[in-house]
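Here's target.txt, which has compact mmCIF, C-alpha atoms:
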# COMPACT_ATOMS: atom_id res chain seq x y z
CA MET A 1 -6.95 31.42 -11.42
CA ASN A 2 -9.84 31.89 -9.00
CA VAL A 3 -8.54 35.40 -8.29
CA TYR A 4 -8.77 36.17 -12.00
CA ASP A 5 -12.25 34.60 -12.25
CA SER A 6 -13.48 36.54 -9.20
CA ASP A 7 -12.29 39.81 -10.71
CA ARG A 8 -14.16 39.02 -13.92
CA MET A 9 -17.35 38.26 -11.97
CA ALA A 10 -17.06 41.67 -10.30
CA ASP A 11 -16.67 43.25 -13.75
CA LEU A 12 -19.80 41.44 -14.97
CA LEU A 13 -21.90 42.62 -12.04
CA ALA A 14 -20.71 46.24 -12.16
CA PRO A 15 -23.11 47.30 -14.98
CA MET A 16 -25.97 46.04 -12.79
CA GLY A 17 -24.95 48.55 -10.10
CA TYR A 18 -23.01 46.17 -7.88
CA GLU A 19 -19.64 47.00 -6.41
CA VAL A 20 -17.25 44.93 -4.31
CA THR A 21 -17.56 45.14 -0.52
CA GLN A 22 -15.15 43.66 2.00
CA ALA A 23 -17.82 42.37 4.40
CA ALA A 24 -20.63 39.86 3.93
CA ASP A 25 -22.88 41.78 6.35
CA GLY A 26 -24.96 44.15 4.26
CA ALA A 27 -23.95 42.62 0.94
CA ASP A 28 -26.67 42.03 -1.65
CA VAL A 29 -24.85 39.17 -3.39
CA ILE A 30 -22.31 36.84 -1.78
CA ILE A 31 -20.29 34.55 -4.05
CA LEU A 32 -18.03 31.78 -2.79
CA ASN A 33 -15.57 31.00 -5.59
CA THR A 34 -14.35 27.52 -4.80
CA CYS A 35 -11.60 24.95 -5.35
CA HIS A 36 -12.10 21.17 -5.43
CA ILE A 37 -8.49 19.98 -5.67
CA ARG A 38 -8.38 18.70 -2.09
CA GLU A 39 -11.05 17.42 0.27
CA LYS A 40 -10.22 20.06 2.91
CA ALA A 41 -10.80 22.88 0.43
CA ALA A 42 -14.19 21.48 -0.55
CA GLU A 43 -15.34 21.00 3.05
CA LYS A 44 -14.39 24.60 3.85
CA VAL A 45 -17.13 25.65 1.43
CA TYR A 46 -19.86 24.07 3.55
CA SER A 47 -18.33 25.44 6.72
CA GLU A 48 -18.39 28.93 5.25
CA LEU A 49 -21.94 28.47 3.99
CA GLY A 50 -22.99 27.57 7.52
CA ARG A 51 -21.60 30.90 8.73
CA LEU A 52 -23.49 32.76 6.01
CA ALA A 53 -26.85 31.07 6.64
CA PRO A 54 -27.88 33.46 9.46
CA LEU A 55 -27.66 36.38 7.03
CA LYS A 56 -30.66 34.91 5.25
CA THR A 57 -32.80 34.52 8.35
CA ALA A 58 -31.67 37.82 9.89
CA ALA A 59 -33.00 39.89 7.01
CA THR A 60 -35.82 42.13 8.22
CA ALA A 61 -39.10 42.61 6.43
CA GLY A 62 -37.85 45.82 4.88
CA ASP A 63 -34.57 44.40 3.65
CA ALA A 64 -34.13 41.68 1.06
CA ALA A 65 -32.03 38.72 2.09
CA PRO A 66 -28.76 38.48 0.18
CA LEU A 67 -28.37 36.15 -2.75
CA ILE A 68 -25.84 33.46 -1.86
CA ALA A 69 -23.97 31.81 -4.72
CA VAL A 70 -21.42 29.01 -4.96
CA ALA A 71 -19.16 29.24 -8.01
CA GLY A 72 -16.10 27.40 -9.27
CA CYS A 73 -15.01 23.80 -9.15
CA VAL A 74 -16.95 22.63 -6.07
CA ALA A 75 -20.09 23.98 -7.75
CA GLN A 76 -19.21 22.14 -10.95
CA ALA A 77 -18.50 18.87 -9.16
CA GLU A 78 -21.39 18.81 -6.71
CA GLY A 79 -24.12 20.89 -8.36
CA GLN A 80 -27.53 20.01 -6.92
CA GLN A 81 -25.91 18.42 -3.86
CA ILE A 82 -24.99 21.91 -2.66
CA LEU A 83 -28.63 22.97 -2.69
CA ASP A 84 -29.56 19.77 -0.88
CA ARG A 85 -26.99 20.37 1.88
CA ALA A 86 -27.46 24.15 2.02
CA PRO A 87 -31.04 24.96 0.93
CA TYR A 88 -30.49 28.68 1.52
CA VAL A 89 -28.07 28.87 -1.44
CA ASP A 90 -29.61 30.61 -4.46
CA LEU A 91 -27.10 30.07 -7.28
CA VAL A 92 -24.70 27.25 -8.14
CA PHE A 93 -22.60 27.70 -11.27
CA GLY A 94 -19.41 26.23 -12.66
CA PRO A 95 -16.26 27.98 -13.89
CA GLN A 96 -17.32 27.68 -17.53
CA THR A 97 -20.58 29.59 -17.03
CA TYR A 98 -19.73 32.65 -14.96
CA HIS A 99 -20.09 34.86 -18.04
CA ARG A 100 -23.84 34.18 -17.62
CA LEU A 101 -23.80 35.49 -14.04
CA PRO A 102 -25.82 38.69 -14.72
CA GLU A 103 -28.63 36.63 -16.27
CA MET A 104 -28.60 34.20 -13.32
CA VAL A 105 -28.74 36.99 -10.75
CA GLU A 106 -31.56 38.76 -12.58
CA SER A 107 -33.54 35.52 -12.90
CA ALA A 108 -33.07 34.61 -9.22
CA LEU A 109 -34.21 38.05 -8.09
CA ARG A 110 -37.20 38.06 -10.45
CA THR A 111 -38.48 34.52 -9.93
CA GLY A 112 -37.11 33.55 -6.52
CA LYS A 113 -36.13 30.21 -8.00
CA ARG A 114 -32.80 28.58 -7.18
CA ILE A 115 -30.49 28.01 -10.16
CA VAL A 116 -27.91 25.35 -10.94
CA ASP A 117 -25.83 25.95 -14.09
CA THR A 118 -22.98 23.48 -14.49
CA ASP A 119 -23.19 22.88 -18.24
CA PHE A 120 -20.13 23.05 -20.43
CA PRO A 121 -21.37 25.63 -22.94
CA VAL A 122 -20.54 25.47 -26.62
CA GLU A 123 -19.66 29.17 -26.68
CA ASP A 124 -16.27 30.43 -25.50
CA LYS A 125 -16.91 32.34 -22.27
CA PHE A 126 -14.00 34.69 -23.04
CA ASP A 127 -15.96 36.00 -26.04
CA PHE A 128 -18.67 37.22 -23.66
CA LEU A 129 -16.56 38.87 -20.98
CA LEU A 130 -16.48 42.64 -20.60
CA GLU A 131 -13.32 44.68 -20.84
CA GLU A 132 -11.44 44.46 -17.56
CA HIS A 133 -12.16 47.11 -14.97
CA SER A 134 -9.24 49.46 -14.42
CA SER A 135 -7.37 48.54 -11.24
CA GLY A 136 -3.98 50.17 -11.67
CA ASP A 137 -2.30 47.10 -10.15
CA VAL A 138 1.36 46.71 -11.00
CA SER A 139 1.15 42.90 -11.21
CA ARG A 140 -1.81 41.26 -12.95
CA PHE A 141 -3.18 37.80 -13.74
CA LEU A 142 -4.49 36.75 -17.15
CA THR A 143 -6.09 33.40 -17.96
CA ILE A 144 -4.97 32.20 -21.39
CA GLN A 145 -5.88 28.51 -21.11
CA GLU A 146 -8.44 26.46 -19.24
CA GLY A 147 -9.14 22.79 -18.69
CA CYS A 148 -6.89 19.77 -18.92
CA ASP A 149 -6.67 16.68 -21.13
CA ARG A 150 -4.10 14.85 -18.99
CA PHE A 151 -6.46 12.95 -16.66
CA CYS A 152 -4.03 12.36 -13.81
CA THR A 153 -5.69 9.70 -11.69
CA PHE A 154 -5.79 11.91 -8.55
CA CYS A 155 -7.16 15.07 -10.17
CA VAL A 156 -10.67 16.44 -10.66
CA VAL A 157 -9.71 19.29 -13.01
CA PRO A 158 -10.70 17.54 -16.29
CA TYR A 159 -14.14 16.94 -14.77
CA THR A 160 -14.65 20.39 -13.25
CA ARG A 161 -12.91 22.62 -15.81
CA GLY A 162 -13.41 20.46 -18.89
CA ALA A 163 -11.23 19.88 -21.92
CA GLU A 164 -8.27 22.10 -22.76
CA GLN A 165 -9.23 25.37 -24.36
CA SER A 166 -6.79 28.06 -25.52
CA ARG A 167 -7.45 31.70 -26.27
CA SER A 168 -6.06 33.30 -29.42
CA ALA A 169 -2.71 35.08 -29.32
CA GLN A 170 -4.34 38.28 -30.57
CA SER A 171 -6.96 38.39 -27.79
CA ILE A 172 -4.29 37.69 -25.16
CA ALA A 173 -2.04 40.44 -26.51
CA ALA A 174 -4.96 42.90 -26.54
CA ASP A 175 -5.64 42.18 -22.88
CA VAL A 176 -1.97 42.52 -21.95
CA LYS A 177 -1.69 45.84 -23.78
CA ALA A 178 -4.76 47.12 -21.91
CA MET A 179 -3.24 46.00 -18.60
CA VAL A 180 0.05 47.75 -19.37
CA ALA A 181 -1.83 50.92 -20.33
CA ASP A 182 -3.55 50.65 -16.94
CA GLY A 183 -0.24 50.54 -15.08
CA ALA A 184 0.72 46.86 -15.10
CA ARG A 185 4.42 46.10 -15.35
CA GLU A 186 4.12 42.34 -14.81
CA VAL A 187 1.61 39.80 -16.15
CA THR A 188 1.27 36.18 -15.03
CA LEU A 189 -0.26 33.93 -17.69
CA LEU A 190 -2.62 31.40 -16.13
CA GLY A 191 -3.95 27.99 -17.02
CA GLN A 192 -4.71 24.66 -15.40
CA ASN A 193 -2.04 23.38 -17.78
CA VAL A 194 -0.77 26.67 -19.13
CA ASN A 195 2.17 25.32 -21.14
CA ALA A 196 -0.27 23.19 -23.13
CA TRP A 197 -1.55 26.49 -24.58
CA HIS A 198 -1.73 26.34 -28.36
CA GLY A 199 -3.75 29.18 -29.78
CA GLU A 200 -4.44 30.83 -33.08
CA ALA A 201 -1.57 33.03 -34.25
CA PRO A 202 -2.28 36.62 -35.38
CA SER A 203 -1.68 35.74 -39.03
CA GLY A 204 -3.31 32.32 -38.85
CA GLY A 205 -1.86 28.97 -38.00
CA GLU A 206 -1.05 27.91 -34.46
CA TRP A 207 1.47 28.98 -31.84
CA TRP A 208 2.62 27.33 -28.65
CA LEU A 209 3.47 29.05 -25.38
CA GLY A 210 7.14 29.77 -26.11
CA ARG A 211 6.20 31.70 -29.25
CA LEU A 212 3.42 33.55 -27.42
CA ILE A 213 5.85 34.68 -24.72
CA ARG A 214 8.22 36.09 -27.34
CA TYR A 215 5.29 37.91 -28.94
CA LEU A 216 4.14 39.44 -25.64
CA ALA A 217 7.69 40.47 -24.78
CA GLU A 218 7.51 42.93 -27.68
CA ILE A 219 4.83 44.95 -25.85
CA GLU A 220 6.40 48.20 -24.69
CA GLY A 221 6.15 48.72 -20.94
CA LEU A 222 5.75 45.04 -20.06
CA ASP A 223 8.79 44.37 -17.88
CA ARG A 224 7.99 40.94 -16.49
CA ILE A 225 6.25 37.79 -17.72
CA ARG A 226 5.45 34.70 -15.66
CA TYR A 227 3.29 31.63 -16.27
CA THR A 228 1.71 28.95 -14.09
CA THR A 229 0.86 26.05 -13.70
CA SER A 230 2.80 23.76 -16.02
CA HIS A 231 3.05 20.07 -16.83
CA PRO A 232 6.49 18.53 -17.47
CA SER A 233 5.23 16.78 -20.62
CA ASP A 234 4.46 20.15 -22.24
CA MET A 235 7.87 21.75 -21.64
CA ASP A 236 8.92 21.82 -25.32
CA ASP A 237 12.23 23.12 -26.69
CA GLU A 238 10.80 26.49 -27.77
CA LEU A 239 9.50 27.20 -24.28
CA ILE A 240 12.70 26.03 -22.59
CA THR A 241 14.90 28.19 -24.81
CA ALA A 242 12.61 31.19 -24.21
CA HIS A 243 13.81 31.15 -20.60
CA GLY A 244 17.27 31.98 -21.88
CA ASP A 245 16.30 34.27 -24.76
CA VAL A 246 13.55 36.50 -23.32
CA PRO A 247 14.74 38.91 -20.59
CA GLN A 248 11.17 39.68 -19.54
CA LEU A 249 10.51 36.02 -18.71
CA MET A 250 11.34 35.73 -15.02
CA PRO A 251 13.80 33.05 -13.83
CA PHE A 252 11.22 31.26 -11.69
CA LEU A 253 9.25 28.20 -12.77
CA HIS A 254 6.60 26.20 -10.96
CA LEU A 255 6.80 22.73 -12.50
CA PRO A 256 4.96 20.04 -10.51
CA VAL A 257 6.62 16.61 -10.46
CA GLN A 258 4.38 15.05 -7.75
CA SER A 259 6.68 12.06 -7.04
CA GLY A 260 10.22 10.82 -7.64
CA SER A 261 9.10 7.22 -8.16
CA ASP A 262 8.47 6.02 -11.70
CA LYS A 263 6.04 3.41 -10.37
CA ILE A 264 3.94 6.08 -8.65
CA LEU A 265 4.19 8.49 -11.58
CA ALA A 266 2.84 5.75 -13.87
CA SER A 267 0.02 5.03 -11.41
CA MET A 268 -0.75 8.75 -11.37
CA ASN A 269 -0.85 8.75 -15.21
CA ARG A 270 1.59 11.65 -15.22
CA ARG A 271 3.08 10.64 -18.62
CA HIS A 272 6.62 11.52 -17.54
CA ASN A 273 9.15 9.73 -15.39
CA ALA A 274 11.80 10.99 -13.00
CA ALA A 275 14.50 10.90 -15.70
CA ASP A 276 12.31 13.05 -17.99
CA TYR A 277 11.93 15.60 -15.21
CA ARG A 278 15.66 15.68 -14.48
CA ARG A 279 16.39 16.14 -18.19
CA ILE A 280 13.99 19.11 -18.42
CA ILE A 281 15.59 20.75 -15.39
CA ASP A 282 19.07 20.22 -16.87
CA GLN A 283 17.95 21.90 -20.12
CA LEU A 284 16.35 24.81 -18.28
CA ARG A 285 19.48 25.38 -16.23
CA TYR A 286 21.63 25.21 -19.37
CA HIS A 287 19.64 28.06 -20.93
CA ARG A 288 18.98 29.99 -17.70
CA PRO A 289 21.56 29.03 -15.04
CA ASP A 290 19.98 31.19 -12.32
CA ILE A 291 16.47 29.77 -12.70
CA ALA A 292 14.70 28.98 -9.41
CA LEU A 293 12.32 26.06 -9.25
CA SER A 294 9.10 25.31 -7.43
CA SER A 295 7.09 22.11 -7.48
CA ASP A 296 4.14 20.15 -6.10
CA PHE A 297 4.45 16.84 -4.24
CA ILE A 298 1.86 14.29 -3.16
CA VAL A 299 2.87 11.84 -0.43
CA GLY A 300 0.98 8.69 0.46
CA PHE A 301 -0.44 8.12 -3.01
CA PRO A 302 -2.10 4.68 -3.22
CA GLY A 303 0.54 2.00 -3.53
CA GLU A 304 3.43 4.23 -2.40
CA ASP A 305 5.88 2.26 -0.25
CA ASP A 306 9.01 3.33 1.63
CA ALA A 307 11.21 2.79 -1.43
CA ASP A 308 8.96 5.03 -3.57
CA PHE A 309 9.03 7.76 -0.95
CA ALA A 310 12.82 7.49 -0.70
CA LYS A 311 13.02 8.14 -4.44
CA THR A 312 11.01 11.33 -3.97
CA LEU A 313 13.40 12.50 -1.26
CA GLY A 314 16.31 11.64 -3.54
CA LEU A 315 14.92 13.68 -6.43
CA VAL A 316 14.29 16.66 -4.14
CA SER A 317 17.82 16.45 -2.75
CA GLU A 318 19.33 16.22 -6.23
CA ILE A 319 17.41 19.05 -7.89
CA GLY A 320 16.86 21.56 -5.09
CA PHE A 321 13.78 23.76 -4.92
CA ALA A 322 13.46 27.40 -3.92
CA GLN A 323 9.82 26.84 -2.93
CA SER A 324 7.37 23.94 -3.01
CA TYR A 325 3.91 22.76 -2.07
CA SER A 326 3.45 19.34 -0.52
CA PHE A 327 0.31 17.50 0.50
CA LYS A 328 -0.98 14.19 1.76
CA TYR A 329 -2.92 12.33 -0.91
CA SER A 330 -6.60 13.24 -0.65
CA PRO A 331 -9.09 10.93 -2.43
CA ARG A 332 -11.35 12.92 -4.73
CA PRO A 333 -14.70 11.30 -5.57
CA GLY A 334 -14.93 10.12 -9.16
CA THR A 335 -11.18 9.91 -9.78
CA PRO A 336 -9.54 6.51 -10.47
CA ALA A 337 -7.09 6.79 -7.57
CA ALA A 338 -9.95 7.11 -5.06
CA ASP A 339 -10.91 3.49 -5.78
CA HIS A 340 -7.35 2.16 -5.67
CA GLY A 341 -7.09 -0.81 -3.35
CA GLN A 342 -3.72 0.13 -1.82
CA GLN A 343 -4.60 3.24 0.17
CA VAL A 344 -1.80 4.38 2.50
CA ASP A 345 -2.42 4.62 6.25
CA GLU A 346 -2.91 8.19 7.52
CA ALA A 347 -0.18 7.85 10.12
CA VAL A 348 2.28 6.87 7.39
CA LYS A 349 1.16 9.81 5.26
CA ASN A 350 1.71 12.17 8.18
CA GLU A 351 5.19 10.83 8.84
CA ARG A 352 6.23 11.06 5.19
CA LEU A 353 4.80 14.54 4.78
CA ALA A 354 6.71 15.77 7.83
CA GLY A 355 9.97 14.34 6.48
CA LEU A 356 9.48 15.80 3.02
CA GLN A 357 8.50 19.22 4.32
CA GLN A 358 11.54 19.31 6.58
CA LEU A 359 13.77 18.81 3.53
CA LEU A 360 11.84 21.32 1.42
CA ARG A 361 11.95 23.96 4.17
CA ALA A 362 15.70 23.52 4.49
CA GLN A 363 16.09 24.08 0.75
CA GLN A 364 13.86 27.14 0.82
CA GLU A 365 15.79 28.61 3.75
CA GLY A 366 19.06 27.90 1.97
CA PHE A 367 17.86 29.66 -1.17
CA LEU A 368 16.76 32.70 0.82
CA GLN A 369 20.02 32.79 2.76
CA ALA A 370 21.93 32.75 -0.53
CA GLN A 371 20.26 36.07 -1.44
CA LEU A 372 21.94 37.89 1.45
CA GLY A 373 24.41 40.46 0.19
CA THR A 374 23.21 40.23 -3.41
CA THR A 375 21.66 43.08 -5.38
CA THR A 376 18.60 42.19 -7.43
CA ASP A 377 15.89 44.05 -9.32
CA ILE A 378 12.64 44.39 -7.39
CA LEU A 379 9.27 45.37 -8.88
CA PHE A 380 7.50 47.37 -6.18
CA GLU A 381 3.79 46.61 -5.89
CA GLY A 382 2.52 48.59 -2.91
CA GLY A 383 2.78 49.41 0.76
CA GLY A 384 4.64 47.23 3.20
CA LYS A 385 3.75 45.94 6.65
CA ARG A 386 4.47 49.21 8.41
CA SER A 387 4.54 52.94 7.78
CA GLY A 388 7.30 54.16 5.49
CA GLN A 389 7.77 50.70 4.00
CA ILE A 390 6.98 49.41 0.51
CA MET A 391 6.90 45.85 -0.80
CA GLY A 392 7.96 44.33 -4.08
CA ARG A 393 8.87 40.96 -5.52
CA SER A 394 12.17 39.59 -6.67
CA PRO A 395 12.54 37.80 -10.00
CA PHE A 396 12.22 34.60 -7.92
CA MET A 397 8.80 35.67 -6.54
CA HIS A 398 10.01 36.39 -3.01
CA PRO A 399 8.39 39.35 -1.20
CA VAL A 400 11.00 42.02 -0.45
CA HIS A 401 10.36 44.87 2.02
CA VAL A 402 12.32 48.12 2.02
CA GLU A 403 12.10 51.52 3.69
CA ALA A 404 11.44 53.81 0.74
CA PRO A 405 8.99 56.44 -0.53
CA ASP A 406 5.69 55.45 -2.15
CA ARG A 407 6.78 57.10 -5.40
CA LEU A 408 8.84 54.00 -6.17
CA VAL A 409 5.72 51.82 -6.33
CA GLY A 410 5.31 50.67 -9.93
CA SER A 411 9.01 50.87 -10.69
CA VAL A 412 11.77 48.30 -10.87
CA GLN A 413 14.69 49.19 -8.62
CA PRO A 414 17.92 47.44 -7.62
CA VAL A 415 17.82 46.32 -3.99
CA ARG A 416 20.66 45.01 -1.87
CA ILE A 417 19.35 42.21 0.36
CA ARG A 418 20.41 42.50 4.01
CA GLU A 419 17.93 40.38 6.01
CA CYS A 420 16.31 37.01 5.48
CA PHE A 421 13.09 35.71 7.07
CA ALA A 422 11.08 32.50 6.73
CA ASN A 423 9.29 33.55 3.54
CA SER A 424 10.52 37.03 2.69
CA LEU A 425 13.51 39.34 2.46
CA ARG A 426 14.41 42.88 3.51
CA GLY A 427 16.85 45.19 1.81
CA ASP A 428 17.92 48.68 0.77
CA VAL A 429 17.09 50.37 -2.51
CA GLN A 430 20.17 51.35 -4.50
CA THR A 431 19.55 53.97 -7.19
CA VAL A 432 21.99 55.82 -9.39
CA SER A 433 20.92 59.37 -10.21
CA THR A 434 21.60 60.57 -13.75
CA PRO A 435 23.38 63.94 -14.16
CA PRO A 436 20.90 66.57 -15.39
CA SER A 437 23.11 67.55 -18.31
CA THR A 438 25.53 65.66 -20.52
CA GLU A 439 27.90 68.60 -20.17
CA ARG A 440 28.44 67.94 -16.47
CA SER A 441 31.32 65.66 -15.63
CA GLU A 442 30.49 64.90 -11.99
CA PRO A 443 30.12 61.20 -11.32
CA ALA A 444 26.69 59.74 -10.69
CA THR A 445 25.72 59.52 -7.02
CA GLU A 446 24.29 56.55 -5.22
CA ASP A 447 21.22 57.02 -2.99
CA VAL A 448 20.44 54.35 -0.45
CA TYR A 449 17.05 54.12 1.26
CA ALA A 450 17.90 52.34 4.50

As structure tokens, the full file:
Amino acid sequence: MNVYDSDRMADLLAPMGYEVTQAADGADVIILNTCHIREKAAEKVYSELGRLAPLKTAATAGDAAPLIAVAGCVAQAEGQQILDRAPYVDLVFGPQTYHRLPEMVESALRTGKRIVDTDFPVEDKFDFLLEEHSSGDVSRFLTIQEGCDRFCTFCVVPYTRGAEQSRSAQSIAADVKAMVADGAREVTLLGQNVNAWHGEAPSGGEWWLGRLIRYLAEIEGLDRIRYTTSHPSDMDDELITAHGDVPQLMPFLHLPVQSGSDKILASMNRRHNAADYRRIIDQLRYHRPDIALSSDFIVGFPGEDDADFAKTLGLVSEIGFAQSYSFKYSPRPGTPAADHGQQVDEAVKNERLAGLQQLLRAQQEGFLQAQLGTTTDILFEGGGKRSGQIMGRSPFMHPVHVEAPDRLVGSVQPVRIRECFANSLRGDVQTVSTPPSTERSEPATEDVYA
């Protein structure tokens, strides 16, 4: 989501004459777009700001010092504190206000005053964004929903991104059509709780995500649809059945469960239990047997004991995940869990995380190994790691490298998988050439790019 937001900020600054540069040295505006989910991510912001500070003092008399801005969720959560800790920062603005970035930059340059804008504006920021800059990327992100009303006790998102807000189906479809016209073949729909999306339908009334996906699948040239991140409580029947009914919807779902213990899930205020999660997975696999699953796990949540952790391991072993993210619980200021009296010792957290990750890695390796010898459709996105190589992604999101010409970038091609690595695959493109005339009776020939 921050990738999408950063791209939109670049679009907003372009009419002012700014363009993206890959180095901070020499830049006129430097924006750190930040995440506040975990303590480590937030502290990295201040570490990075410390590295940028010399750029302010190094500016010569003839050159203006760069504007330094902090955007995103750390900005929203800490506001004025950022200016207090890093007085050389010029702008602090939250994720709901970046559509006002040109005004903030102009004001800072004109007045020299530092600006903090962390209000939750009444206006919908999406109504004020410019048309996306043409990128030609094969795979694109599109935010369709922001904020969260779930208030999990460990999470800062409701406080930094605000209440749930959904864009209209018509505006989403217009953006997707523009992306496809610009060369996109795959679009990932984004939201803090994307499957809670419920937006205005084109003819009035309200749709939910399953209906939106079916609507977008009608767009010619859109080959692949994905969505992330989801909450188990919002996996309704229409969305589940869409996984079996819509060919463009890829068979890969990131569905965070966080824990296998009902006691811990209740303490987290997750509003689902382990049996609910298992039932959803059973339904998904009924409609789409080949679906691959990813999840999030928190170990060492306050009050978690050995029995609770064992239930998490049991759920992981039972369901099986192609990919997952796992973390030690990190207290976030202002969240209920941070004040919980039963904090888990760090050494115990470390031990549990190591055990969980060992199991998750084994499952990921097993899933990748199972791809060996199979032929699957790969959407090629660009160049690979070395000359003569291109890279694409499988329906299950795995990077796949092949030796093939650049002309295949942007196309979907069948690839036979022949090598497996820790996080990626390698294979050979298999294409069947069509006879130039229907009058010819020679059989089609198979070309293999080794």

**Asked** What does the distance between atom CA of A:Asp245 and atom CA of A:Asp276 come to in Å, to one decimal place?
**Response** 22.6 Å

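Shortest separation to A:Tyr4 among A:Leu189, A:Cys420, A:Leu255, A:Leu368 occurs at residue A:Leu189, atoms counted being all atoms listed in the file.
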
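Between atom CA of A:Glu238 and atom CA of A:Val176 lies a distance of 21.3 Å.
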
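Take the candidates A:Thr57, A:Gln80, A:Thr97, A:Gln413 and check each one against A:Asp5 using all atoms listed in the file; the shortest distance goes to A:Thr97.
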
**Message:** So, with all atoms listed in the file as the atoms that count, which of A:Ala275, A:Leu379, A:Leu13, A:Ala422 lies closest to A:Glu318?
**Reply:** A:Ala275

**Message:** Just checking: using only C-alpha atoms, which residue out of A:Gly79, A:Met250, A:Ser233, A:Glu103 ends up closest to A:Ala274?
**Reply:** A:Ser233

**Message:** Using all atoms listed in the file for the distances, tell me which of A:Arg288, A:His398, A:Arg279, A:His198 is nearest to A:Ala242.
**Reply:**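 Once distances to A:Ala242 are computed over all atoms listed in the file, the minimum belongs to A:Arg288.
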
Some atoms are absent from stretch 72-88 of chain A, so rebuild N, CA and C atoms and return them as a tab-separated table (two decimals), in the coordinates of the input.
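Once everything was written out, this is result-v1.tsv:
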chain	number	residue	atom	x	y	z
A	72	GLY	N	-17.38	28.09	-9.18
A	72	GLY	CA	-16.10	27.40	-9.27
A	72	GLY	C	-16.22	25.89	-9.31
A	73	CYS	N	-15.14	25.24	-8.91
A	73	CYS	CA	-15.01	23.80	-9.15
A	73	CYS	C	-15.84	22.94	-8.20
A	74	VAL	N	-16.05	23.37	-6.95
A	74	VAL	CA	-16.95	22.63	-6.07
A	74	VAL	C	-18.37	22.69	-6.64
A	75	ALA	N	-18.77	23.84	-7.13
A	75	ALA	CA	-20.09	23.98	-7.75
A	75	ALA	C	-20.22	23.04	-8.94
A	76	GLN	N	-19.17	22.99	-9.77
A	76	GLN	CA	-19.21	22.14	-10.95
A	76	GLN	C	-19.30	20.67	-10.57
A	77	ALA	N	-18.56	20.27	-9.54
A	77	ALA	CA	-18.50	18.87	-9.16
A	77	ALA	C	-19.74	18.40	-8.42
A	78	GLU	N	-20.34	19.27	-7.59
A	78	GLU	CA	-21.39	18.81	-6.71
A	78	GLU	C	-22.78	19.33	-7.06
A	79	GLY	N	-22.85	20.42	-7.82
A	79	GLY	CA	-24.12	20.89	-8.36
A	79	GLY	C	-25.29	20.88	-7.39
A	80	GLN	N	-26.30	20.07	-7.71
A	80	GLN	CA	-27.53	20.01	-6.92
A	80	GLN	C	-27.28	19.60	-5.48
A	81	GLN	N	-26.21	18.83	-5.23
A	81	GLN	CA	-25.91	18.42	-3.86
A	81	GLN	C	-25.71	19.62	-2.94
A	82	ILE	N	-25.19	20.71	-3.48
A	82	ILE	CA	-24.99	21.91	-2.66
A	82	ILE	C	-26.33	22.45	-2.19
A	83	LEU	N	-27.31	22.50	-3.09
A	83	LEU	CA	-28.63	22.97	-2.69
A	83	LEU	C	-29.28	22.02	-1.69
A	84	ASP	N	-28.99	20.74	-1.83
A	84	ASP	CA	-29.56	19.77	-0.88
A	84	ASP	C	-28.96	19.95	0.51
A	85	ARG	N	-27.65	20.21	0.59
A	85	ARG	CA	-26.99	20.37	1.88
A	85	ARG	C	-27.17	21.77	2.45
A	86	ALA	N	-27.33	22.75	1.57
A	86	ALA	CA	-27.46	24.15	2.02
A	86	ALA	C	-28.63	24.78	1.26
A	87	PRO	N	-29.86	24.52	1.69
A	87	PRO	CA	-31.04	24.96	0.93
A	87	PRO	C	-31.21	26.48	0.84
A	88	TYR	N	-30.42	27.22	1.58
A	88	TYR	CA	-30.49	28.68	1.52
A	88	TYR	C	-29.61	29.26	0.41
